[in-house]
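Asks: First the structure, then my questions, so here it is.
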Amino acid sequence: MYDVIVVGLGGMGGAIAYHLARRGRRVLGLDRLAPPHDAGSSHGKSRIIRQAYYEDPAYVPLVLRAYELWEALERDSGETLLVKTGGLMIGAPDSPIVAGSTESARRHGLKYRMLSPEDVGRWFPAFRLEPHEVAVYEEEAGVLFPERAVAAHLRLARAAGAELRLDAPVESWVAGSDSVSVRTPAGRYQAERLVLAAGAWNPRLLGGAFPLEVERQVSLWFRPAERPEWFEEHLPVFIWDRGPEPALYGLPGLEGEGVKVGLHHGGQVGDPDRLPRQVTEDDVEPVRRLLARRMPLLDPEPVQASVCLYTNTPDRHFLVGTHPDHPAVVLAAGFSGHGFKFCPAIGEAVADLIEGKARRDLALFDPRRFRAGPGRA
């Protein structure tokens, strides 16, 4: 009998297991694969972290706490997990990314600077803005290293007493009012609480009870055709608003791997075990055309490619909280392609939730917001 079973040990599940174990909870972690791996959402060498959160100002206190916890994890693990590079949010002044970023910054007193196309061209010569575009520059934005971070959380979770079983897919779960039972090919396990943090496999575990969809996303790496040292030392992370089209995002190659670029959303939706993992010319060509106009100093031929998975909610906000039908079950799902930066803060918040504390405002992520529609269990 465990206190908590955590299903899924990627970015979120690993952080949750760590925060529970270090509080003395008897934790069993289960994963269908062996994290860190490249089959889900917590890989790809780098992730963006930023504070002026355009998605909603309510995220800002959570991400500020995440910065503190990433730094603590660096100290405890001895690993470099976060590098501040600065960040640009680019688009028309009234675009969701620019207007949303400035609104979050103003509401929470964050430092930022508005840049004209001429400013960007002078300070960040990799970018070519249109005359009507501006950029929000945030000095605290930067890069996280996801595989390294997942490994650190899992290693420290084990050291704190968590029992982690890899290559252990969950076949089913049953929840009562004050206990849960989980079945795997190796046997059945019981606990007082269950946390479902299985990323792209959460929709399957939840049986259609919530409107989650899994989306295929392609990341590409390009080397600079000119001034490679500038790209490694000075390129900020960036997100570029393109109106109704998927935003273009990118991160510097801090370890010589090239500039990582992708389109945020707009990918194929399907089953996580059946979505194509091979990157084709159809994936590359739209990005290549954009870079020729927006970042012409990059060589147009990618040197690496990778596929990861988003698990989206309809409103693109997270699904974090107690299952409306099962009080012994907590959901950590639907991070919609922008969750990794929050991993340690979500880990802490879920541990608080299980212990009956309420230090973080999770109202925006309440699972009950989707229970009036189709698919109710």
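Going by the structure tokens order, chains are called A, B, ..., each with residues numbered from 1, while ligands are numbered from 1 in the order shown.
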Mind checking which residues fall within 8 Å of Gly100 (chain A), counting only C-alpha atoms, ignoring those fewer than 5 positions away in the same chain, and posting them as a ChimeraX atom specification?

Replies: /A:53-57,95

Asks: Show me, as a ChimeraX atom specification, the residues that have an atom within 12 Å of region 129-132 of chain A when counting only C-alpha atoms, minus same-chain residues fewer than 2 positions from it.

Replies: /A:88-95,115-122,124-127,134-135,240-242,290-291,293-296

Asks: List as a PyMOL selection string the protein and nucleic acid residues near region 265-276 of chain A, meaning an atom at most 7 Å away when only C-alpha atoms are counted, but skip any in the same chain fewer than 5 places from it.

Replies: chain A and resi 200-201+213-217+246

Asks: Take the residues just selected and output them with C-alpha atoms as an mmCIF file, in the first residue's frame.

Replies:
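Full text of again.cif as output:
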data_model
loop_
_atom_site.group_PDB
_atom_site.id
_atom_site.type_symbol
_atom_site.label_atom_id
_atom_site.label_comp_id
_atom_site.auth_asym_id
_atom_site.auth_seq_id
_atom_site.Cartn_x
_atom_site.Cartn_y
_atom_site.Cartn_z
ATOM 1 C CA ALA A 200 -0.016 12.016 -24.427
ATOM 2 C CA TRP A 201 -1.346 8.797 -22.870
ATOM 3 C CA GLU A 213 -6.327 15.693 -28.109
ATOM 4 C CA VAL A 214 -2.779 14.627 -28.936
ATOM 5 C CA GLU A 215 -1.003 16.680 -31.594
ATOM 6 C CA ARG A 216 2.170 15.866 -33.512
ATOM 7 C CA GLN A 217 4.776 18.648 -33.455
ATOM 8 C CA PRO A 246 0.739 28.936 -36.114
#

Asks: Apply DSSP to the backbone of this structure and, from region 28-139 of chain A, keep only the residues in strand (DSSP E or B); write these as number ranges by chain.

Replies: A: 28-30, 47-49, 82-84, 87-91, 113-115, 134-138

Asks: Taking only C-alpha atoms into account, which of A:Asp76, A:Gly253, A:Leu220, A:Ala209 comes nearest Val279 (chain A)?

Replies: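 Answer, going by the shortest atom-to-atom distance: A:Leu220.
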
Asks: Of the candidates A:Ala159, A:Val143, A:Val4, A:Ile346, which shows the shortest atom-to-atom distance to Lys260 (chain A), using only C-alpha atoms?

Replies: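 With only C-alpha atoms as the atom set, the closest residue is A:Val143.
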
Asks: Fewer than 5 positions away in the same chain doesn't count, so skip those; otherwise give me all residues within 9 Å of Gly339 (chain A), counting only C-alpha atoms, as JSON, numbers by chain.

Replies: {"A": [11, 12, 318, 334]}

Asks: Do you have the CA of Lys84 (chain A)-CA of Arg158 (chain A) distance handy?

Replies: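 Value for the CA of Lys84 (chain A)-CA of Arg158 (chain A) distance: 28.8 Å.
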
Asks: Select from region 45-293 of chain A everything DSSP, run on the backbone, classes as alpha helix (DSSP H), then give the selection as number ranges by chain.

Replies: A: 60-77, 96-108, 117-123, 146-159, 202-205, 228-234, 281-293

Asks: Name the residues in contact with Gln278 (chain A) at a cut-off of 9 Å, using only C-alpha atoms, excluding same-chain residues fewer than 2 positions from it; report them as a VMD selection string.

Replies: chain A and resid 276 280 305 to 307

Asks: Okay, now the selection with N, CA and C atoms, as an mmCIF file, in the first residue's frame?

Replies:
data_model
loop_
_atom_site.group_PDB
_atom_site.id
_atom_site.type_symbol
_atom_site.label_atom_id
_atom_site.label_comp_id
_atom_site.auth_asym_id
_atom_site.auth_seq_id
_atom_site.Cartn_x
_atom_site.Cartn_y
_atom_site.Cartn_z
ATOM 1 N N PRO A 276 2.888 9.683 -36.973
ATOM 2 C CA PRO A 276 4.179 9.455 -37.630
ATOM 3 C C PRO A 276 5.331 10.098 -36.875
ATOM 4 N N THR A 280 9.283 14.568 -42.679
ATOM 5 C CA THR A 280 9.312 14.555 -44.133
ATOM 6 C C THR A 280 9.541 15.960 -44.695
ATOM 7 N N ALA A 305 16.187 16.819 -36.889
ATOM 8 C CA ALA A 305 14.737 16.943 -36.818
ATOM 9 C C ALA A 305 14.226 16.008 -35.724
ATOM 10 N N SER A 306 13.099 16.389 -35.135
ATOM 11 C CA SER A 306 12.524 15.577 -34.068
ATOM 12 C C SER A 306 11.024 15.784 -34.035
ATOM 13 N N VAL A 307 10.303 14.765 -33.585
ATOM 14 C CA VAL A 307 8.855 14.850 -33.393
ATOM 15 C C VAL A 307 8.560 14.727 -31.905
#

Asks: Find, counting only C-alpha atoms, the residue in A:Leu110, A:Pro324, A:Trp221, A:Arg289 that gets nearest to Gly250 (chain A).

Replies: A:Trp221

Asks: I want to know what sits within 10 Å of His323 (chain A), based on only C-alpha atoms, with residues of the same chain fewer than 4 positions away left out; could you give that as a PyMOL selection string?

Replies: chain A and resi 195-196+206+209+319+327-332+366-368

Asks: Compare A:Leu194, A:Ala105, A:Val259, A:Val7 by their minimum atom-to-atom distance to Ser219 (chain A), counting only C-alpha atoms, and give me the closest one.

Replies: A:Val259

Asks: Could you give me, as a list in words, the residues within 10 Å of Arg65 (chain A), counting only C-alpha atoms and dropping anything in the same chain fewer than 4 positions from it?

Replies: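 Close residues of Arg65 (chain A): Val60, Pro61, Leu69, Trp70, Phe342, Pro344, Ala345, Ile346, Glu348 and Arg360 of chain A.
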
Asks: Expressed in Å to a single decimal, how great is the separation between CA of Gly208 (chain A) and CA of Phe370 (chain A)?

Replies: 11.5 Å

Asks: What is the CA of Glu139 (chain A)-CA of Ala152 (chain A) distance in Å, reported with one decimal?

Replies: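 Here the two named atoms are 26.0 Å from each other.
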
Asks: Compare A:Asp352, A:Asp325, A:Asp283, A:Glu245 by their minimum atom-to-atom distance to Val174 (chain A), counting only C-alpha atoms, and give me the closest one.

Replies: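 Result for the nearest residue to Val174 (chain A): A:Asp325.
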
Asks: I'd like to know which of A:Ala66, A:Leu9, A:Val27, A:Met114 is closest to Leu166 (chain A), using only C-alpha atoms.

Replies: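 Closest residue, counting only C-alpha atoms: A:Leu9.
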